[in-house]
Amino acid sequence: MCAACTPRQLIIRSVADELAGQGQAPENDLGLARDASAFYLKLSESVLRETPGNLKLSEAVAGGFTQYAFAFVAFDADRIENKDVKAAQKLRERAARLYERAHRHAMTALEVNTPGFAKALESPVAANWPRLNKEQVGTAYWAAASWGGLISLSKDKPDIVADLPLAIRLAGLAYASDPEWGEGALASLMGSFETARPGGSQQQATIYFDKAIALGKGKNAGAFVSKAEGIAQAANDRPAFEALLRQALAACEARHELANEVMCERAHWLLDNADDIF
């Protein structure tokens with residue numbers, strides 16, 4: 001406890017800790033998660049503004065906005081694009097705003113905890129880059145993941161796309177601090193960034209994805225889906241693509257949790273649309 005804290009600060013800190021814990025609570029019903037997310041995110045965001053350096057809450061809020069943007073907005077855009085291009089574009093614009101919001105919250109927390117963080121990250125000299133401790137890795141992960149999501153939906157905005165090396169650098173710094181974070185989630189993100197960067201190595205990306213699968217003990221559906229889209233689809237290898245997606249579906253049967261349910265819904269959709277993809 002902080003001896004100099006006012007009663008109001010103590011109450012806000014307590015609420016922040018409780019909200020951060022709720023953000024990590026298990027939930028495997030996508031409909032319920034979608035319905036509950038908006039209220040939780042708005043409430044948590046308002047508390048985070050009062051405690052911008054709270055790493056646990058910033059991790060929960062940034063993660064919540066990023067997951068909401070991916071699962072309930074950008075994915076909806078993918079599903080309706082063949083029927084309504086304009087509506088899909090509007091959804092992607094909304095998803096981009098949500099990714100940017102997630103990124104801003106995460107970066108603010110990192111800056112509060114390490115003053116000068118953003119400037120150090122931009123330095124061309126590796127020795128000047130910030131060093132992340134393990135308590136910061138989760139927030140850094142969501143900062144990088146949301147940044148990547150924003151960049152992927154901003155192909156017509158060169159100033160945003162130009163930040164891709166910084167997003168990759170941030171993910172790399174997190175990986176250097178705790179490569180096993182999130183039971184392979186961070187390793188999978190590194191794989192996705194490797195496939196996205198100009199001149200990226202498919203071999204290195206495969207190493208990251210395989211590490212993610214191993215860390216998740218085969219129960220991380222996201223790693224299989226990411227490998228399917230990043231490696232098999234890019235290589236036009238439909239058999240490998242479908243095999244990986246079926247492994248993702250098996251992972252959902254082994255572990256019922258929200259992240260898996262989201263990725264398995266995507267796996268089903270990808271399988272159903274394989275004829276259009278290949």
# chains A, B, ... in the order shown; residues from 1 in each chain; ligands from 1
$ residues_around --residues "Tyr175 (chain A)" --least-positions-apart "6" --cutoff "9 Å" --atoms "only C-alpha atoms" --output "PDB file with N, CA and C atoms, in the first residue's frame"
ATOM      1  N   VAL A 137       5.903  -7.019 -19.947  1.00  0.00           N
ATOM      2  CA  VAL A 137       5.816  -7.784 -21.191  1.00  0.00           C
ATOM      3  C   VAL A 137       4.377  -7.895 -21.707  1.00  0.00           C
ATOM      4  N   TYR A 141       3.187  -6.619 -25.217  1.00  0.00           N
ATOM      5  CA  TYR A 141       2.604  -7.540 -26.204  1.00  0.00           C
ATOM      6  C   TYR A 141       1.371  -6.925 -26.854  1.00  0.00           C
ATOM      7  N   TRP A 181       6.033 -16.008 -22.954  1.00  0.00           N
ATOM      8  CA  TRP A 181       4.842 -15.304 -22.450  1.00  0.00           C
ATOM      9  C   TRP A 181       3.573 -15.766 -23.189  1.00  0.00           C
ATOM     10  N   LEU A 186       3.094 -14.754 -27.587  1.00  0.00           N
ATOM     11  CA  LEU A 186       4.124 -13.818 -28.042  1.00  0.00           C
ATOM     12  C   LEU A 186       4.945 -14.430 -29.174  1.00  0.00           C
ATOM     13  N   ALA A 187       5.266 -15.702 -29.074  1.00  0.00           N
ATOM     14  CA  ALA A 187       6.002 -16.369 -30.152  1.00  0.00           C
ATOM     15  C   ALA A 187       5.189 -16.358 -31.447  1.00  0.00           C
ATOM     16  N   MET A 190       5.385 -12.968 -32.995  1.00  0.00           N
ATOM     17  CA  MET A 190       6.667 -12.814 -33.678  1.00  0.00           C
ATOM     18  C   MET A 190       6.624 -13.488 -35.055  1.00  0.00           C
TER      19      MET A 190
END
$ select_by_dssp --residues "region 28-80 of chain A" --states "alpha helix (DSSP H)" --output "PyMOL selection string"
chain A and resi 30-50+55-68+75-80
$ write_last_selection --atoms "N, CA and C atoms" --output "compact mmCIF listing (two decimals), in the first residue's frame"
# COMPACT_ATOMS: atom_id res chain seq x y z
N LEU A 30 -18.88 -16.79 -26.84
CA LEU A 30 -18.57 -15.60 -27.64
C LEU A 30 -19.67 -14.55 -27.58
N GLY A 31 -20.93 -15.00 -27.62
CA GLY A 31 -22.03 -14.05 -27.57
C GLY A 31 -22.05 -13.27 -26.26
N LEU A 32 -21.87 -13.98 -25.15
CA LEU A 32 -21.84 -13.32 -23.84
C LEU A 32 -20.65 -12.39 -23.74
N ALA A 33 -19.50 -12.83 -24.24
CA ALA A 33 -18.31 -11.98 -24.19
C ALA A 33 -18.52 -10.70 -24.99
N ARG A 34 -19.15 -10.84 -26.14
CA ARG A 34 -19.40 -9.66 -26.98
C ARG A 34 -20.35 -8.70 -26.28
N ASP A 35 -21.40 -9.23 -25.69
CA ASP A 35 -22.38 -8.38 -25.01
C ASP A 35 -21.77 -7.67 -23.81
N ALA A 36 -20.89 -8.35 -23.08
CA ALA A 36 -20.33 -7.79 -21.86
C ALA A 36 -19.14 -6.87 -22.11
N SER A 37 -18.50 -7.02 -23.24
CA SER A 37 -17.24 -6.32 -23.49
C SER A 37 -17.36 -4.81 -23.47
N ALA A 38 -18.39 -4.28 -24.11
CA ALA A 38 -18.49 -2.83 -24.24
C ALA A 38 -18.54 -2.14 -22.87
N PHE A 39 -19.39 -2.65 -21.97
CA PHE A 39 -19.48 -2.03 -20.64
C PHE A 39 -18.17 -2.18 -19.89
N TYR A 40 -17.59 -3.39 -19.92
CA TYR A 40 -16.34 -3.63 -19.20
C TYR A 40 -15.24 -2.71 -19.72
N LEU A 41 -15.13 -2.58 -21.03
CA LEU A 41 -14.05 -1.77 -21.60
C LEU A 41 -14.23 -0.29 -21.28
N LYS A 42 -15.45 0.21 -21.36
CA LYS A 42 -15.69 1.62 -21.05
C LYS A 42 -15.40 1.92 -19.58
N LEU A 43 -15.86 1.04 -18.69
CA LEU A 43 -15.60 1.24 -17.26
C LEU A 43 -14.11 1.15 -16.97
N SER A 44 -13.47 0.13 -17.50
CA SER A 44 -12.04 -0.06 -17.24
C SER A 44 -11.22 1.09 -17.81
N GLU A 45 -11.62 1.57 -18.97
CA GLU A 45 -10.90 2.67 -19.60
C GLU A 45 -10.99 3.93 -18.74
N SER A 46 -12.15 4.17 -18.16
CA SER A 46 -12.31 5.36 -17.32
C SER A 46 -11.45 5.26 -16.06
N VAL A 47 -11.35 4.07 -15.49
CA VAL A 47 -10.50 3.87 -14.31
C VAL A 47 -9.02 3.97 -14.71
N LEU A 48 -8.68 3.45 -15.87
CA LEU A 48 -7.29 3.50 -16.32
C LEU A 48 -6.81 4.94 -16.51
N ARG A 49 -7.71 5.81 -16.92
CA ARG A 49 -7.33 7.22 -17.07
C ARG A 49 -6.91 7.83 -15.73
N GLU A 50 -7.46 7.28 -14.64
CA GLU A 50 -7.10 7.75 -13.30
C GLU A 50 -5.80 7.10 -12.81
N LEU A 55 0.00 -1.32 -14.82
CA LEU A 55 0.35 -2.23 -15.92
C LEU A 55 -0.69 -3.34 -16.10
N LYS A 56 -1.20 -3.88 -15.01
CA LYS A 56 -2.16 -4.96 -15.13
C LYS A 56 -3.46 -4.48 -15.78
N LEU A 57 -3.93 -3.31 -15.37
CA LEU A 57 -5.16 -2.80 -15.96
C LEU A 57 -4.92 -2.38 -17.41
N SER A 58 -3.78 -1.76 -17.67
CA SER A 58 -3.50 -1.35 -19.05
C SER A 58 -3.40 -2.57 -19.95
N GLU A 59 -2.83 -3.65 -19.43
CA GLU A 59 -2.75 -4.90 -20.20
C GLU A 59 -4.15 -5.43 -20.50
N ALA A 60 -5.03 -5.39 -19.48
CA ALA A 60 -6.39 -5.89 -19.66
C ALA A 60 -7.17 -5.01 -20.64
N VAL A 61 -7.04 -3.70 -20.52
CA VAL A 61 -7.78 -2.79 -21.39
C VAL A 61 -7.26 -2.87 -22.83
N ALA A 62 -5.95 -2.81 -23.00
CA ALA A 62 -5.38 -2.89 -24.34
C ALA A 62 -5.71 -4.24 -24.98
N GLY A 63 -5.62 -5.30 -24.18
CA GLY A 63 -5.98 -6.62 -24.69
C GLY A 63 -7.45 -6.71 -25.04
N GLY A 64 -8.29 -6.11 -24.21
CA GLY A 64 -9.73 -6.14 -24.46
C GLY A 64 -10.11 -5.43 -25.75
N PHE A 65 -9.56 -4.24 -25.96
CA PHE A 65 -9.87 -3.50 -27.19
C PHE A 65 -9.31 -4.22 -28.42
N THR A 66 -8.12 -4.78 -28.29
CA THR A 66 -7.51 -5.49 -29.42
C THR A 66 -8.32 -6.72 -29.79
N GLN A 67 -8.70 -7.51 -28.79
CA GLN A 67 -9.48 -8.72 -29.05
C GLN A 67 -10.86 -8.38 -29.59
N TYR A 68 -11.47 -7.32 -29.06
CA TYR A 68 -12.79 -6.91 -29.56
C TYR A 68 -12.68 -6.50 -31.02
N PHE A 75 -13.23 -9.23 -38.08
CA PHE A 75 -13.68 -10.53 -38.58
C PHE A 75 -15.06 -10.42 -39.22
N ASP A 76 -15.93 -9.60 -38.63
CA ASP A 76 -17.24 -9.36 -39.26
C ASP A 76 -17.05 -8.77 -40.66
N ALA A 77 -16.06 -7.89 -40.80
CA ALA A 77 -15.78 -7.29 -42.11
C ALA A 77 -15.38 -8.35 -43.12
N ASP A 78 -14.53 -9.29 -42.69
CA ASP A 78 -14.11 -10.36 -43.59
C ASP A 78 -15.32 -11.18 -44.07
N ARG A 79 -16.24 -11.42 -43.13
CA ARG A 79 -17.36 -12.31 -43.45
C ARG A 79 -18.39 -11.68 -44.38
N ILE A 80 -18.52 -10.36 -44.36
CA ILE A 80 -19.55 -9.72 -45.18
C ILE A 80 -19.00 -9.08 -46.45
$ residues_around --residues "Leu189 (chain A)" --least-positions-apart "4" --cutoff "9 Å" --atoms "only C-alpha atoms" --output "list of chain:residue names"
A:Tyr141, A:Ala144, A:Ala145, A:Ala171, A:Gly184, A:Ala185, A:Phe193, A:Glu194, A:Tyr208, A:Phe209, A:Ala212, A:Ala223, A:Ser226
$ write_last_selection --atoms "N, CA and C atoms" --output "short mmCIF file (atom, residue, chain, number, x, y, z; two decimals), in the first residue's frame"
data_model
loop_
_atom_site.label_atom_id
_atom_site.label_comp_id
_atom_site.auth_asym_id
_atom_site.auth_seq_id
_atom_site.Cartn_x
_atom_site.Cartn_y
_atom_site.Cartn_z
N TYR A 141 3.19 -6.62 -25.22
CA TYR A 141 2.60 -7.54 -26.20
C TYR A 141 1.37 -6.92 -26.85
N ALA A 144 2.17 -4.00 -29.13
CA ALA A 144 2.67 -4.44 -30.42
C ALA A 144 1.58 -5.09 -31.26
N ALA A 145 0.76 -5.94 -30.63
CA ALA A 145 -0.30 -6.64 -31.37
C ALA A 145 -1.33 -5.66 -31.93
N ALA A 171 7.75 -5.85 -30.19
CA ALA A 171 7.47 -7.27 -29.96
C ALA A 171 8.77 -8.03 -29.68
N GLY A 184 2.87 -19.12 -25.62
CA GLY A 184 3.11 -19.12 -27.05
C GLY A 184 2.49 -17.96 -27.80
N ALA A 185 1.67 -17.14 -27.13
CA ALA A 185 1.02 -16.02 -27.82
C ALA A 185 2.06 -15.04 -28.37
N PHE A 193 4.57 -11.25 -37.41
CA PHE A 193 5.35 -10.08 -37.82
C PHE A 193 6.44 -10.48 -38.83
N GLU A 194 7.03 -11.66 -38.64
CA GLU A 194 8.07 -12.11 -39.56
C GLU A 194 7.50 -12.30 -40.96
N TYR A 208 9.06 -19.68 -35.20
CA TYR A 208 8.26 -18.99 -34.17
C TYR A 208 6.91 -19.69 -33.98
N PHE A 209 6.23 -20.00 -35.08
CA PHE A 209 4.92 -20.63 -34.96
C PHE A 209 5.02 -22.01 -34.30
N ALA A 212 5.42 -21.55 -30.69
CA ALA A 212 4.14 -21.19 -30.09
C ALA A 212 3.27 -22.42 -29.88
N ALA A 223 -2.18 -20.26 -32.60
CA ALA A 223 -0.89 -20.56 -33.24
C ALA A 223 -1.10 -21.36 -34.52
N SER A 226 -2.67 -18.96 -37.17
CA SER A 226 -1.66 -18.01 -37.66
C SER A 226 -0.68 -18.68 -38.60
#
$ closest_residue --among "A:Phe224, A:Gly230, A:Asn260, A:Thr114" --to "Leu245 (chain A)" --atoms "only C-alpha atoms"
A:Phe224
$ residues_around --residues "Pro124 (chain A)" --least-positions-apart "3" --cutoff "12 Å" --atoms "only C-alpha atoms" --output "number ranges by chain"
A: 119-121, 127-129, 165-166, 169
$ write_last_selection --atoms "C-alpha atoms" --output "PDB file, in the first residue's frame"
ATOM      1  CA  LYS A 119      11.631   8.011 -27.826  1.00  0.00           C
ATOM      2  CA  ALA A 120      14.050   5.239 -26.851  1.00  0.00           C
ATOM      3  CA  LEU A 121      12.080   2.753 -28.963  1.00  0.00           C
ATOM      4  CA  ALA A 127      21.920   0.163 -27.255  1.00  0.00           C
ATOM      5  CA  ASN A 128      19.404   2.946 -26.610  1.00  0.00           C
ATOM      6  CA  TRP A 129      16.299   0.770 -26.935  1.00  0.00           C
ATOM      7  CA  PRO A 165       9.553  -1.770 -37.925  1.00  0.00           C
ATOM      8  CA  LEU A 166       8.822  -0.136 -34.554  1.00  0.00           C
ATOM      9  CA  ARG A 169      10.990  -3.994 -32.532  1.00  0.00           C
TER      10      ARG A 169
END
$ residues_around --residues "Ala228 (chain A)" --least-positions-apart "2" --cutoff "12 Å" --atoms "only C-alpha atoms" --output "ChimeraX atom specification"
/A:188,191-192,195,205-206,209-210,221-226,230-248,263,266-267,270-271,274,277
$ write_last_selection --atoms "C-alpha atoms" --output "PDB file, in the first residue's frame"
ATOM      1  CA  SER A 188       3.013 -16.530 -32.505  1.00  0.00           C
ATOM      2  CA  GLY A 191       5.847 -15.318 -36.416  1.00  0.00           C
ATOM      3  CA  SER A 192       3.070 -13.121 -37.793  1.00  0.00           C
ATOM      4  CA  THR A 195       5.663 -12.989 -42.371  1.00  0.00           C
ATOM      5  CA  ALA A 205       8.390 -17.490 -39.047  1.00  0.00           C
ATOM      6  CA  THR A 206       7.824 -21.249 -39.041  1.00  0.00           C
ATOM      7  CA  PHE A 209       4.922 -20.635 -34.961  1.00  0.00           C
ATOM      8  CA  ASP A 210       6.212 -24.090 -34.059  1.00  0.00           C
ATOM      9  CA  ALA A 221      -5.713 -22.612 -31.530  1.00  0.00           C
ATOM     10  CA  GLY A 222      -4.356 -19.201 -32.494  1.00  0.00           C
ATOM     11  CA  ALA A 223      -0.895 -20.560 -33.236  1.00  0.00           C
ATOM     12  CA  PHE A 224      -2.313 -23.096 -35.705  1.00  0.00           C
ATOM     13  CA  VAL A 225      -4.518 -20.508 -37.420  1.00  0.00           C
ATOM     14  CA  SER A 226      -1.663 -18.006 -37.662  1.00  0.00           C
ATOM     15  CA  GLY A 230       1.001 -16.939 -42.564  1.00  0.00           C
ATOM     16  CA  ILE A 231       2.829 -19.982 -43.915  1.00  0.00           C
ATOM     17  CA  ALA A 232       0.541 -22.479 -45.687  1.00  0.00           C
ATOM     18  CA  GLN A 233      -1.713 -19.915 -47.388  1.00  0.00           C
ATOM     19  CA  ALA A 234       1.285 -17.841 -48.464  1.00  0.00           C
ATOM     20  CA  ALA A 235       2.849 -20.977 -49.980  1.00  0.00           C
ATOM     21  CA  ASN A 236      -0.445 -21.878 -51.712  1.00  0.00           C
ATOM     22  CA  ASP A 237      -0.354 -25.186 -49.853  1.00  0.00           C
ATOM     23  CA  ARG A 238      -4.008 -26.054 -49.371  1.00  0.00           C
ATOM     24  CA  PRO A 239      -3.481 -29.483 -47.747  1.00  0.00           C
ATOM     25  CA  ALA A 240      -1.206 -27.980 -45.078  1.00  0.00           C
ATOM     26  CA  PHE A 241      -3.603 -25.029 -44.670  1.00  0.00           C
ATOM     27  CA  GLU A 242      -6.567 -27.303 -43.990  1.00  0.00           C
ATOM     28  CA  ALA A 243      -4.572 -29.654 -41.761  1.00  0.00           C
ATOM     29  CA  LEU A 244      -3.455 -26.760 -39.566  1.00  0.00           C
ATOM     30  CA  LEU A 245      -6.989 -25.420 -39.286  1.00  0.00           C
ATOM     31  CA  ARG A 246      -8.253 -28.835 -38.219  1.00  0.00           C
ATOM     32  CA  GLN A 247      -5.543 -28.899 -35.578  1.00  0.00           C
ATOM     33  CA  ALA A 248      -6.862 -25.533 -34.417  1.00  0.00           C
ATOM     34  CA  MET A 263      -9.744 -18.502 -33.394  1.00  0.00           C
ATOM     35  CA  ARG A 266     -12.107 -18.105 -37.761  1.00  0.00           C
ATOM     36  CA  ALA A 267     -10.770 -21.591 -38.555  1.00  0.00           C
ATOM     37  CA  LEU A 270     -11.420 -20.230 -43.428  1.00  0.00           C
ATOM     38  CA  LEU A 271     -12.196 -23.885 -44.097  1.00  0.00           C
ATOM     39  CA  ALA A 274     -10.975 -22.429 -48.842  1.00  0.00           C
ATOM     40  CA  ILE A 277      -8.777 -18.569 -50.920  1.00  0.00           C
TER      41      ILE A 277
END
$ decode --residues "region 162-243 of chain A" --atoms "C-alpha atoms" --output "PDB file, in the first residue's frame"
ATOM      1  CA  ALA A 162       5.943   3.166 -41.787  1.00  0.00           C
ATOM      2  CA  ASP A 163       5.675   2.240 -38.099  1.00  0.00           C
ATOM      3  CA  LEU A 164       5.833  -1.504 -38.833  1.00  0.00           C
ATOM      4  CA  PRO A 165       9.553  -1.770 -37.925  1.00  0.00           C
ATOM      5  CA  LEU A 166       8.822  -0.136 -34.554  1.00  0.00           C
ATOM      6  CA  ALA A 167       5.953  -2.528 -33.846  1.00  0.00           C
ATOM      7  CA  ILE A 168       8.220  -5.447 -34.705  1.00  0.00           C
ATOM      8  CA  ARG A 169      10.990  -3.994 -32.532  1.00  0.00           C
ATOM      9  CA  LEU A 170       8.622  -3.673 -29.573  1.00  0.00           C
ATOM     10  CA  ALA A 171       7.470  -7.275 -29.959  1.00  0.00           C
ATOM     11  CA  GLY A 172      11.112  -8.344 -30.200  1.00  0.00           C
ATOM     12  CA  LEU A 173      11.996  -6.540 -26.976  1.00  0.00           C
ATOM     13  CA  ALA A 174       9.121  -8.291 -25.224  1.00  0.00           C
ATOM     14  CA  TYR A 175      10.241 -11.611 -26.664  1.00  0.00           C
ATOM     15  CA  ALA A 176      13.799 -11.017 -25.475  1.00  0.00           C
ATOM     16  CA  SER A 177      12.480 -10.482 -21.944  1.00  0.00           C
ATOM     17  CA  ASP A 178      10.031 -13.406 -21.797  1.00  0.00           C
ATOM     18  CA  PRO A 179       9.884 -15.582 -24.945  1.00  0.00           C
ATOM     19  CA  GLU A 180       7.402 -17.983 -23.337  1.00  0.00           C
ATOM     20  CA  TRP A 181       4.842 -15.304 -22.450  1.00  0.00           C
ATOM     21  CA  GLY A 182       1.210 -16.227 -22.968  1.00  0.00           C
ATOM     22  CA  GLU A 183       1.887 -19.920 -23.570  1.00  0.00           C
ATOM     23  CA  GLY A 184       3.114 -19.118 -27.051  1.00  0.00           C
ATOM     24  CA  ALA A 185       1.025 -16.018 -27.815  1.00  0.00           C
ATOM     25  CA  LEU A 186       4.124 -13.818 -28.042  1.00  0.00           C
ATOM     26  CA  ALA A 187       6.002 -16.369 -30.152  1.00  0.00           C
ATOM     27  CA  SER A 188       3.013 -16.530 -32.505  1.00  0.00           C
ATOM     28  CA  LEU A 189       2.977 -12.729 -32.782  1.00  0.00           C
ATOM     29  CA  MET A 190       6.667 -12.814 -33.678  1.00  0.00           C
ATOM     30  CA  GLY A 191       5.847 -15.318 -36.416  1.00  0.00           C
ATOM     31  CA  SER A 192       3.070 -13.121 -37.793  1.00  0.00           C
ATOM     32  CA  PHE A 193       5.354 -10.084 -37.823  1.00  0.00           C
ATOM     33  CA  GLU A 194       8.067 -12.109 -39.556  1.00  0.00           C
ATOM     34  CA  THR A 195       5.663 -12.989 -42.371  1.00  0.00           C
ATOM     35  CA  ALA A 196       4.481  -9.370 -42.593  1.00  0.00           C
ATOM     36  CA  ARG A 197       7.793  -7.546 -42.719  1.00  0.00           C
ATOM     37  CA  PRO A 198       9.453  -6.842 -46.072  1.00  0.00           C
ATOM     38  CA  GLY A 199      12.078  -9.511 -46.673  1.00  0.00           C
ATOM     39  CA  GLY A 200      10.774 -11.653 -43.834  1.00  0.00           C
ATOM     40  CA  SER A 201      11.925 -15.256 -43.566  1.00  0.00           C
ATOM     41  CA  GLN A 202       9.271 -17.941 -43.882  1.00  0.00           C
ATOM     42  CA  GLN A 203      11.726 -20.329 -42.247  1.00  0.00           C
ATOM     43  CA  GLN A 204      12.144 -18.090 -39.213  1.00  0.00           C
ATOM     44  CA  ALA A 205       8.390 -17.490 -39.047  1.00  0.00           C
ATOM     45  CA  THR A 206       7.824 -21.249 -39.041  1.00  0.00           C
ATOM     46  CA  ILE A 207      10.259 -21.581 -36.138  1.00  0.00           C
ATOM     47  CA  TYR A 208       8.262 -18.994 -34.172  1.00  0.00           C
ATOM     48  CA  PHE A 209       4.922 -20.635 -34.961  1.00  0.00           C
ATOM     49  CA  ASP A 210       6.212 -24.090 -34.059  1.00  0.00           C
ATOM     50  CA  LYS A 211       7.548 -22.726 -30.782  1.00  0.00           C
ATOM     51  CA  ALA A 212       4.136 -21.190 -30.087  1.00  0.00           C
ATOM     52  CA  ILE A 213       2.455 -24.519 -30.760  1.00  0.00           C
ATOM     53  CA  ALA A 214       4.911 -26.307 -28.464  1.00  0.00           C
ATOM     54  CA  LEU A 215       4.518 -23.754 -25.658  1.00  0.00           C
ATOM     55  CA  GLY A 216       0.753 -24.100 -25.901  1.00  0.00           C
ATOM     56  CA  LYS A 217       1.103 -27.894 -25.779  1.00  0.00           C
ATOM     57  CA  GLY A 218      -1.035 -28.146 -28.888  1.00  0.00           C
ATOM     58  CA  LYS A 219      -3.952 -26.393 -27.158  1.00  0.00           C
ATOM     59  CA  ASN A 220      -3.355 -22.893 -28.563  1.00  0.00           C
ATOM     60  CA  ALA A 221      -5.713 -22.612 -31.530  1.00  0.00           C
ATOM     61  CA  GLY A 222      -4.356 -19.201 -32.494  1.00  0.00           C
ATOM     62  CA  ALA A 223      -0.895 -20.560 -33.236  1.00  0.00           C
ATOM     63  CA  PHE A 224      -2.313 -23.096 -35.705  1.00  0.00           C
ATOM     64  CA  VAL A 225      -4.518 -20.508 -37.420  1.00  0.00           C
ATOM     65  CA  SER A 226      -1.663 -18.006 -37.662  1.00  0.00           C
ATOM     66  CA  LYS A 227       0.620 -20.631 -39.152  1.00  0.00           C
ATOM     67  CA  ALA A 228      -2.099 -21.666 -41.600  1.00  0.00           C
ATOM     68  CA  GLU A 229      -2.599 -18.101 -42.831  1.00  0.00           C
ATOM     69  CA  GLY A 230       1.001 -16.939 -42.564  1.00  0.00           C
ATOM     70  CA  ILE A 231       2.829 -19.982 -43.915  1.00  0.00           C
ATOM     71  CA  ALA A 232       0.541 -22.479 -45.687  1.00  0.00           C
ATOM     72  CA  GLN A 233      -1.713 -19.915 -47.388  1.00  0.00           C
ATOM     73  CA  ALA A 234       1.285 -17.841 -48.464  1.00  0.00           C
ATOM     74  CA  ALA A 235       2.849 -20.977 -49.980  1.00  0.00           C
ATOM     75  CA  ASN A 236      -0.445 -21.878 -51.712  1.00  0.00           C
ATOM     76  CA  ASP A 237      -0.354 -25.186 -49.853  1.00  0.00           C
ATOM     77  CA  ARG A 238      -4.008 -26.054 -49.371  1.00  0.00           C
ATOM     78  CA  PRO A 239      -3.481 -29.483 -47.747  1.00  0.00           C
ATOM     79  CA  ALA A 240      -1.206 -27.980 -45.078  1.00  0.00           C
ATOM     80  CA  PHE A 241      -3.603 -25.029 -44.670  1.00  0.00           C
ATOM     81  CA  GLU A 242      -6.567 -27.303 -43.990  1.00  0.00           C
ATOM     82  CA  ALA A 243      -4.572 -29.654 -41.761  1.00  0.00           C
TER      83      ALA A 243
END
